[in-house]
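Undergrad: Input my_file-v3.txt, format and content: compact mmCIF, C-alpha atoms.
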```
# COMPACT_ATOMS: atom_id res chain seq x y z
CA ALA A 50 90.33 110.74 116.35
CA ALA A 51 89.65 107.91 118.81
CA ASP A 52 89.41 110.31 121.76
CA TRP A 53 87.02 112.55 119.83
CA LEU A 54 84.80 109.58 118.97
CA ARG A 55 84.74 108.38 122.58
CA ALA A 56 83.75 111.88 123.69
CA LYS A 57 80.81 111.65 121.27
CA GLY A 58 79.61 108.43 122.90
CA TYR A 59 81.06 105.90 120.49
CA GLN A 60 82.98 102.82 121.54
CA VAL A 61 86.33 102.50 119.77
CA CYS A 62 88.26 99.28 119.42
CA HIS A 63 91.68 98.96 117.79
CA PHE A 64 92.61 95.54 116.45
CA VAL A 65 94.90 93.66 114.09
CA ALA A 66 92.96 92.98 110.89
CA THR A 67 93.52 89.28 110.36
CA GLU A 68 91.75 87.62 107.44
CA PRO A 69 89.24 85.67 109.60
CA ILE A 70 88.25 88.78 111.56
CA MET A 71 87.83 90.86 108.40
CA ARG A 72 85.68 88.15 106.82
CA ASP A 73 83.55 87.82 109.94
CA LEU A 74 82.91 91.57 110.26
CA LEU A 75 82.23 92.23 106.59
CA SER A 76 79.97 89.18 106.22
CA ARG A 77 77.78 90.86 108.85
CA ASN A 78 77.95 94.20 106.99
CA ILE A 79 80.07 95.79 109.71
CA PRO A 80 82.55 98.26 108.15
CA PHE A 81 85.73 99.34 109.91
CA VAL A 82 88.69 101.68 109.49
CA PHE A 83 91.57 99.94 107.73
CA CYS A 84 95.01 101.52 107.93
CA PHE A 85 97.95 101.19 105.58
CA GLU A 86 101.39 101.84 107.00
CA TRP A 87 104.69 102.44 105.25
CA ASP A 88 108.12 103.35 106.55
CA ASN A 89 107.54 107.08 106.16
CA TRP A 90 103.80 107.57 106.40
CA GLY A 91 100.42 105.96 106.93
CA HIS A 92 96.92 106.26 105.46
CA ALA A 93 93.44 105.41 106.75
CA THR A 94 90.65 103.97 104.58
CA ALA A 95 87.26 102.38 105.21
CA ALA A 96 86.83 98.62 104.66
CA ILE A 97 83.31 98.31 103.28
CA GLY A 98 83.05 94.92 101.63
CA LEU A 99 84.54 91.69 100.40
CA ASP A 100 84.54 90.43 96.82
CA GLU A 101 84.36 86.69 97.41
CA PRO A 102 84.99 85.46 93.81
CA THR A 103 88.26 87.40 93.55
CA GLN A 104 89.13 87.25 97.26
CA MET A 105 89.60 91.00 97.40
CA LEU A 106 88.98 93.50 100.17
CA ILE A 107 86.95 96.51 98.98
CA LEU A 108 88.10 99.82 100.44
CA HIS A 109 86.74 103.33 100.27
CA ASP A 110 89.74 105.64 100.13
CA PRO A 111 88.96 109.31 100.86
CA SER A 112 91.86 110.33 98.58
CA ARG A 113 90.32 108.59 95.56
CA GLU A 114 87.10 108.94 93.61
CA ARG A 115 86.57 105.19 93.21
CA TRP A 116 86.75 102.18 95.48
CA SER A 117 89.99 100.26 95.57
CA ARG A 118 90.50 96.52 95.87
CA HIS A 119 93.32 94.58 97.49
CA LEU A 120 94.11 90.86 97.65
CA LEU A 121 93.25 89.51 101.06
CA ASP A 122 96.07 87.00 101.29
CA ASN A 123 98.96 89.48 101.24
CA ILE A 124 97.52 92.81 102.32
CA GLY A 125 99.58 94.41 105.07
CA GLU A 126 102.13 91.58 105.15
CA GLU A 127 104.96 93.92 106.13
CA GLU A 128 102.94 95.22 109.09
CA MET A 129 102.57 91.83 110.78
CA PRO A 130 102.40 91.02 113.69
CA PHE A 131 101.26 94.53 114.68
CA GLY A 132 99.10 95.07 111.65
CA PRO A 133 97.34 95.64 109.42
CA ARG A 134 95.97 98.07 111.98
CA ALA A 135 92.24 98.57 112.05
CA MET A 136 89.66 100.35 114.17
CA LEU A 137 86.06 99.46 114.89
CA ILE A 138 83.68 102.31 115.73
CA LEU A 139 80.51 101.23 117.52
CA PRO A 140 77.49 103.33 118.49
CA GLU A 141 75.65 102.81 121.76
CA GLY A 142 73.92 99.46 122.02
CA LYS A 143 76.33 97.65 119.68
CA ALA A 144 78.99 96.65 122.18
CA ASP A 145 78.21 92.94 121.56
CA VAL A 146 80.05 93.25 118.23
CA LEU A 147 83.31 93.31 120.20
CA SER A 148 82.84 89.60 120.86
CA LEU A 149 83.74 88.99 117.20
CA ILE A 150 87.30 90.13 117.91
CA PRO A 151 89.38 87.90 120.23
CA ARG A 152 90.47 89.57 123.44
CA ASP A 153 94.13 88.69 122.84
CA ASN A 154 93.88 90.70 119.62
CA HIS A 155 92.09 93.92 120.54
CA VAL A 156 93.35 94.42 124.11
CA PRO A 157 97.07 94.48 123.15
CA ALA A 158 96.27 96.58 120.07
CA ASP A 159 94.38 99.13 122.18
CA ALA A 160 97.21 99.15 124.74
CA MET A 161 99.77 99.78 122.03
CA MET A 162 97.84 102.77 120.67
CA GLN A 163 97.55 104.25 124.17
CA PHE A 164 101.22 103.56 124.87
CA MET A 165 102.40 105.20 121.65
CA GLU A 166 100.30 108.29 122.33
CA ALA A 167 101.87 108.60 125.79
CA TYR A 168 105.31 107.85 124.32
CA GLY A 169 104.88 110.73 121.88
CA GLU A 170 104.05 112.99 124.81
CA GLN A 171 107.12 111.68 126.70
CA SER A 172 104.96 110.53 129.59
CA VAL A 173 107.05 107.75 131.16
CA GLU A 174 104.66 107.24 134.07
CA VAL A 175 101.64 106.66 131.81
CA CYS A 176 103.63 104.27 129.60
CA THR A 177 104.75 102.32 132.67
CA GLY A 178 101.16 101.90 133.84
CA ILE A 179 99.94 100.70 130.44
CA LEU A 180 102.80 98.23 130.16
CA GLU A 181 102.25 96.84 133.66
CA ARG A 182 98.58 96.14 132.91
CA LEU A 183 99.53 94.45 129.65
CA ARG A 184 102.19 92.32 131.38
CA LYS A 185 99.62 90.98 133.87
CA GLU A 186 97.19 89.71 131.25
CA PHE A 187 99.49 88.98 128.29
CA PRO A 188 103.04 88.50 129.65
CA ASP A 189 104.32 86.59 126.60
CA HIS A 190 102.46 88.51 123.89
CA VAL A 191 104.54 89.99 121.05
CA PHE A 192 102.95 93.41 121.71
CA THR A 193 104.14 93.23 125.32
CA CYS A 194 107.66 92.30 124.25
CA PHE A 195 107.83 95.12 121.72
CA LEU A 196 106.56 97.73 124.17
CA GLU A 197 109.11 96.49 126.73
CA GLY A 198 111.81 97.42 124.21
CA VAL A 199 110.31 100.83 123.51
CA HIS A 200 109.96 101.46 127.24
CA HIS A 201 113.65 100.68 127.77
CA ALA A 202 114.54 103.25 125.10
CA GLN A 203 112.21 105.77 126.68
CA GLN A 204 114.34 105.49 129.82
CA ASP A 205 117.63 105.72 127.85
CA ARG A 206 118.43 102.02 128.21
CA MET A 207 119.32 101.72 124.54
CA LYS A 208 121.31 98.50 124.85
CA GLU A 209 118.35 96.59 126.32
CA ALA A 210 115.96 98.22 123.83
CA THR A 211 117.99 97.29 120.76
CA GLU A 212 118.57 93.72 122.00
CA ILE A 213 114.82 93.15 122.33
CA LEU A 214 114.04 94.68 118.94
CA ARG A 215 116.84 92.80 117.17
CA SER A 216 115.48 89.56 118.58
CA LEU A 217 111.98 90.44 117.38
CA LEU A 218 113.28 91.37 113.93
CA GLU A 219 114.83 87.91 113.59
CA THR A 220 111.37 86.43 114.15
CA TYR A 221 109.56 89.01 111.99
CA PRO A 222 112.18 90.14 109.42
CA ASN A 223 109.67 92.02 107.26
CA CYS A 224 107.97 94.00 110.06
CA LEU A 225 108.33 97.69 109.28
CA THR A 226 107.37 98.79 112.82
CA ILE A 227 110.18 96.81 114.44
CA ARG A 228 112.58 97.88 111.70
CA ARG A 229 111.75 101.57 112.07
CA PHE A 230 112.10 101.65 115.85
CA LEU A 231 115.28 99.57 115.83
CA VAL A 232 117.00 101.95 113.41
CA MET A 233 115.78 104.95 115.42
CA PHE A 234 117.12 103.51 118.68
CA LEU A 235 120.46 102.52 117.13
CA ARG A 236 120.85 106.10 115.95
CA LYS A 237 120.17 107.36 119.46
CA SER A 238 122.63 104.86 120.93
CA GLY A 239 125.48 106.24 118.80
CA ASP A 240 126.63 102.72 117.81
CA THR A 241 127.45 103.49 114.17
CA SER A 242 128.94 100.08 113.39
CA LEU A 243 125.84 98.23 114.59
CA LEU A 244 123.58 100.73 112.83
CA LEU A 245 125.50 100.22 109.58
CA ARG A 246 125.20 96.45 109.93
CA GLU A 247 121.45 96.56 110.51
CA LEU A 248 120.89 99.02 107.67
CA GLY A 249 123.05 96.84 105.42
CA GLN A 250 120.88 93.81 106.15
CA ILE A 251 117.76 95.79 105.25
CA VAL A 252 119.27 97.28 102.10
CA HIS A 253 120.79 94.10 100.69
CA ARG A 254 117.84 91.85 101.40
CA ARG A 255 115.88 91.22 98.21
CA LEU A 256 112.50 89.54 98.18
CA LEU A 257 111.20 88.07 94.91
CA LEU A 258 107.43 88.07 94.99
CA ASP A 259 105.15 85.76 93.05
CA THR A 260 106.01 86.21 89.37
CA GLU A 261 102.79 84.47 88.35
CA ILE A 262 100.80 87.57 89.32
CA GLY A 263 103.24 89.91 87.62
CA GLN A 264 104.99 91.23 90.69
CA MET A 265 108.42 92.80 90.36
CA TRP A 266 111.50 92.69 92.51
CA LYS A 267 110.95 94.47 95.77
CA TYR A 268 113.56 97.04 96.73
CA PRO A 269 114.39 98.28 100.21
CA PRO A 270 112.63 101.45 101.41
CA SER A 271 114.51 104.51 100.21
CA THR A 272 114.81 106.02 103.68
CA TYR A 273 116.98 103.10 104.87
CA LEU A 274 119.08 103.07 101.71
CA ASN A 275 119.70 106.80 102.11
CA GLN A 276 120.79 106.38 105.73
CA TYR A 277 123.00 103.44 104.78
CA VAL A 278 124.84 105.18 101.94
CA SER A 279 125.17 108.35 104.02
CA ILE A 280 127.16 106.41 106.63
CA LEU A 281 129.09 104.53 103.93
CA SER A 282 130.08 107.80 102.28
CA GLU A 283 131.78 108.95 105.47
CA THR A 284 134.45 106.34 104.77
CA HIS A 285 136.70 107.46 101.90
CA ASP A 286 137.28 104.01 100.42
CA ARG A 287 133.53 103.28 100.25
CA ILE A 288 132.22 106.62 99.00
CA GLU A 289 132.17 105.47 95.35
CA GLN A 290 130.12 102.40 96.31
CA ALA A 291 127.70 104.64 98.20
CA GLU A 292 127.27 106.95 95.21
CA ILE A 293 126.56 104.06 92.83
CA GLN A 294 123.93 102.53 95.11
CA LEU A 295 122.24 105.88 95.60
CA LEU A 296 122.14 106.70 91.88
CA GLN A 297 120.64 103.29 91.14
CA ASN A 298 117.88 103.94 93.66
CA LEU A 299 117.21 107.45 92.33
CA ARG A 300 116.61 105.99 88.88
CA ARG A 301 113.71 104.07 90.43
CA GLU A 302 112.60 106.70 92.96
CA LYS A 303 112.87 109.92 90.99
CA GLY A 304 110.87 111.89 93.54
CA ASP A 305 112.99 110.94 96.56
CA GLY A 306 113.99 114.28 98.07
CA GLU A 307 115.95 112.65 100.88
CA GLY A 308 117.96 110.69 98.32
CA TYR A 309 118.91 113.82 96.39
CA ASN A 310 119.96 115.56 99.60
CA THR A 311 122.13 112.55 100.50
CA LEU A 312 123.69 112.59 97.03
CA GLY A 313 124.45 116.29 97.36
CA TRP A 314 126.31 115.69 100.62
CA ILE A 315 128.29 112.85 99.04
CA TYR A 316 129.44 115.30 96.36
CA ILE A 317 130.31 117.86 99.02
CA ARG A 318 132.46 115.30 100.86
CA GLU A 319 134.29 114.73 97.59
CA GLN A 320 134.61 118.53 97.14
CA ARG A 321 132.48 118.40 93.99
CA TYR A 322 130.62 121.52 95.03
CA GLU A 323 129.23 122.62 91.68
CA GLU A 324 127.84 119.13 91.05
CA ALA A 325 126.21 119.14 94.48
CA LEU A 326 124.07 122.19 93.66
CA LEU A 327 121.58 120.32 91.46
CA PRO A 328 120.73 117.44 93.83
CA LEU A 329 120.46 119.83 96.78
CA ARG A 330 118.14 122.07 94.75
CA LEU A 331 116.03 119.05 93.77
CA ALA A 332 115.80 117.94 97.40
CA ALA A 333 114.72 121.41 98.55
CA THR A 334 112.14 121.58 95.74
CA LEU A 335 110.70 118.10 96.18
CA GLN A 336 110.41 118.58 99.94
CA ASP A 337 109.72 122.30 100.04
CA HIS A 338 108.52 122.00 103.66
CA ASN A 339 111.95 120.78 104.80
CA GLU A 340 113.81 123.75 106.25
CA SER A 341 117.03 121.79 106.65
CA TYR A 342 117.13 121.02 102.92
CA ALA A 343 116.48 124.70 102.13
CA SER A 344 119.36 125.76 104.38
CA ASP A 345 121.65 123.14 102.82
CA TYR A 346 121.01 124.45 99.31
CA ALA A 347 121.28 128.13 100.26
CA GLY A 348 124.44 127.44 102.26
CA LEU A 349 126.12 125.75 99.32
CA LEU A 350 125.13 128.59 96.96
CA ARG A 351 126.83 131.01 99.32
CA TYR A 352 129.89 128.75 99.62
CA VAL A 353 130.42 128.74 95.85
CA GLY A 354 130.16 132.54 95.68
CA GLN A 355 126.46 132.93 94.88
CA GLU A 356 125.32 134.63 98.07
CA GLU A 357 122.89 136.99 96.34
CA GLU A 358 121.20 134.05 94.60
CA ALA A 359 120.99 132.19 97.93
CA ILE A 360 119.20 135.12 99.60
CA ALA A 361 116.92 135.73 96.62
CA TRP A 362 115.97 132.04 96.48
CA LEU A 363 115.17 131.89 100.19
CA GLU A 364 113.07 135.05 99.93
CA ARG A 365 111.14 133.76 96.90
CA ARG A 366 110.52 130.52 98.75
CA ALA A 367 109.22 132.30 101.87
CA ARG A 368 106.90 134.61 99.93
CA ARG A 369 105.29 131.95 97.77
CA VAL A 370 104.19 129.61 100.60
CA ALA A 371 100.43 129.99 100.99
CA ASP A 372 99.92 128.08 104.23
CA LEU A 373 100.48 130.52 107.10
CA GLU A 374 102.02 127.97 109.48
CA ARG A 375 104.55 126.76 106.91
CA ALA A 376 105.17 130.28 105.63
CA ALA A 377 106.14 131.49 109.11
CA VAL A 378 108.75 128.72 109.40
CA ALA A 379 110.10 129.56 105.92
CA TRP A 380 110.49 133.21 106.97
CA ILE A 381 112.35 132.10 110.10
CA THR A 382 114.77 130.15 107.92
CA LEU A 383 115.31 133.19 105.69
CA ILE A 384 115.97 135.50 108.65
CA SER A 385 118.26 132.98 110.35
CA GLU A 386 120.34 132.58 107.20
CA LEU A 387 120.64 136.37 106.80
CA GLN A 388 121.89 136.52 110.38
CA SER A 389 124.45 133.79 109.76
CA TYR A 390 125.68 135.66 106.66
CA GLY A 391 126.27 138.76 108.81
CA LEU A 392 123.66 140.79 106.90
CA SER A 393 122.14 142.58 109.90
CA ASP A 394 120.25 145.31 108.04
CA GLN A 395 118.48 142.86 105.72
CA SER A 396 117.80 140.55 108.64
CA LEU A 397 116.19 143.36 110.66
CA ALA A 398 114.04 144.44 107.72
CA MET A 399 112.82 140.90 107.08
CA MET A 400 112.16 140.35 110.78
CA ALA A 401 110.01 143.48 110.98
CA GLU A 402 108.00 142.37 107.94
CA ALA A 403 107.64 138.81 109.24
CA GLN A 404 106.32 139.95 112.60
CA GLU A 405 103.77 142.12 110.85
CA ARG A 406 102.66 139.20 108.66
CA PHE A 407 102.55 136.58 111.42
CA ARG A 408 101.50 138.47 114.53
CA ASP A 409 99.74 135.52 116.19
CA ASN A 410 101.98 132.69 115.01
CA GLU A 411 103.54 130.84 117.96
CA ASP A 412 106.71 129.87 116.07
CA MET A 413 107.31 133.46 115.01
CA LEU A 414 106.60 134.82 118.50
CA ALA A 415 109.08 132.39 120.06
CA PHE A 416 111.68 133.12 117.38
CA GLY A 417 111.14 136.87 117.81
CA MET A 418 111.81 136.72 121.55
CA ASN A 419 115.08 134.93 120.92
CA TYR A 420 115.96 137.19 118.00
CA TRP A 421 115.53 140.50 119.81
CA SER A 422 117.23 139.22 122.97
CA ARG A 423 120.41 138.87 120.93
```
Once you've parsed the file, please lay out its structure as structure tokens.
TA:
Amino acid sequence: AADWLRAKGYQVCHFVATEPIMRDLLSRNIPFVFCFEWDNWGHATAAIGLDEPTQMLILHDPSRERWSRHLLDNIGEEEMPFGPRAMLILPEGKADVLSLIPRDNHVPADAMMQFMEAYGEQSVEVCTGILERLRKEFPDHVFTCFLEGVHHAQQDRMKEATEILRSLLETYPNCLTIRRFLVMFLRKSGDTSLLLRELGQIVHRRLLLDTEIGQMWKYPPSTYLNQYVSILSETHDRIEQAEIQLLQNLRREKGDGEGYNTLGWIYIREQRYEEALLPLRLAATLQDHNESYASDYAGLLRYVGQEEEAIAWLERRARRVADLERAAVAWITLISELQSYGLSDQSLAMMAEAQERFRDNEDMLAFGMNYWSR
């Protein structure tokens, strides 16, 4: 979005939305993009005003019909020090507005956005250049330190990367960005014991918020709990503990597809195959775009002697997806499973139909080349 806006002649400035900056901008009737970030997803809104009597930020959320309001004093607290992330969009002739945002706020924030874009494209050279420029002007800035850690990981120096991020997490224990990258890098490093320890600290930390405003106990993000109990369940003497913790979380998070998939695999490890069918089915239904979950459920159906039901379910799933991109991937899963079952005739028939349906789909074209070469 930022690149598109710049191409249209707008000036774009990323910044950390601190309370003083938000007040200063909104008091001058200058709206800005305000981003929410969670462990699994993010969402952009427009900050359009400030309700002074209640000390609430007024947001226009494109996913809602009405404006929403959020307390200024704790909004985005788990995103600090890298957030809440915000973006200022300025037309020509309004560049002086940038002076309202301190340079040591918006320059590192802009650098981080550029770095992460290059990181996603696996461009080590571009990331190095961005980091070197940031080091020169802000050598001791927390953004610089964090990007140093990410840059180490980008070059497969996982030990250095995790040491930097663990140190940062001690200073900012609630920061979801540090937490997410640290867990990701520990997984890549293969250090299961250290990963289990870090996940355990996240899972078992409880934070009691202000009861005077009716807040409840805050539980750890489900994605970390699921990863934690998955590793726990690999140890026979702790598998019961893992199951209990997961069931407790699923009572709170009834729509957690990842949690149901994790529970299904716990049952499989205990050879409780019939019991595993329901949670795996729930996971595949709740996250119907997840091909791995679909394969897990179909594979278990086949294992317990219900191969025909597995094939029929995969076919129903592929045919009902309306979105062409997602449907093509669902058909690929169906055909791949038929191949793995040794059902060549059915696989060939489905492949011919899929190629007719998705003639111009890149995923199907790539899969088809591999399929027919075998």
Undergrad: Show which residues sit within 9 Å of Gly304 (chain A), as an NGL selection string. Count all atoms listed in the file, and ignore same-chain residues fewer than 3 positions away.
TA: :A and (299 or 301 or 307-309 or 331-332 or 335)
Undergrad: Need to verify the contact set: region 130-147 of chain A, 7 Å, only C-alpha atoms, exclusion of same-chain residues closer than 6 positions in sequence. Can you return it as a PyMOL selection string?
TA: chain A and resi 58-66+81-85
Undergrad: Could you list as a PyMOL selection string every residue that has an atom within 8 Å of (121.6, 101.0, 113.7), using the file's coordinates and counting all atoms listed in the file?
TA: chain A and resi 231-236+240-248
Undergrad: Could you check which of A:Ala379, A:Ala367, A:Met207, A:Ala95 is closest to Pro111 (chain A), using all atoms listed in the file?
TA: A:Ala95
Undergrad: Choose the residue, out of A:Ser393, A:Ser422, A:Ser385, A:Thr226, that has the smallest atom-to-atom separation from Trp90 (chain A); count only C-alpha atoms.
TA: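 For Trp90 (chain A), the nearest of the given residues is A:Thr226.
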Undergrad: Which of these, A:Glu181, A:Pro188, A:Asp88, A:Ala202, has the shortest distance to Tyr273 (chain A) once you count all atoms listed in the file?
TA: A:Asp88
Undergrad: Which neighbours of Ala343 (chain A) fall inside 10 Å, counting all atoms listed in the file, when residues of the same chain fewer than 2 positions from it are skipped, and could you give them as a list in words?
TA: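 With the cut-off at 10 Å, the set is Leu329, Arg330, Ala332, Ala333, Thr334, Gln336, Asp337, His338, Asn339, Glu340, Ser341, Asp345, Tyr346, Ala347, Gly348, Ala359, Trp362, Leu363, Arg366, Ala379, Thr382 and Leu383 of chain A.
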Undergrad: One decimal, Å: what's the distance from CA of Glu302 (chain A) over to CA of Asp286 (chain A), could you say?
TA: 25.9 Å
Undergrad: Suppose you want the space between CA of Ile315 (chain A) and CA of Leu327 (chain A); what is it in Å?
TA: 12.6 Å
Undergrad: Which of these, A:Arg72, A:Lys185, A:His253, A:Arg215, has the shortest distance to Asp122 (chain A) once you count all atoms listed in the file?
TA: A:Arg72
Undergrad: Would you work out the distance separating CA of Leu149 (chain A) from CA of Ile70 (chain A), expressed in Å to one decimal?
TA: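 One can read the CA of Leu149 (chain A) to CA of Ile70 (chain A) distance as 7.2 Å.
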Undergrad: Got a sec: who's within 8 Å of region 203-205 of chain A, counting all atoms listed in the file, leaving out chain neighbours fewer than 3 positions off, as a ChimeraX atom specification?
TA: /A:168,171,173,199-200
Undergrad: Pick the closest to Ile124 (chain A) from A:Ile288, A:Leu326, A:Ala160, A:Met71: which is it, counting only C-alpha atoms?
TA: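 Counting only C-alpha atoms, the residue closest to Ile124 (chain A) is A:Met71.
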Undergrad: Of the candidates A:Val191, A:Met161, A:Gly91, A:Glu374, which shows the shortest atom-to-atom distance to Tyr221 (chain A), using only C-alpha atoms?
TA: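 Under the stated criterion, the closest residue is A:Val191.
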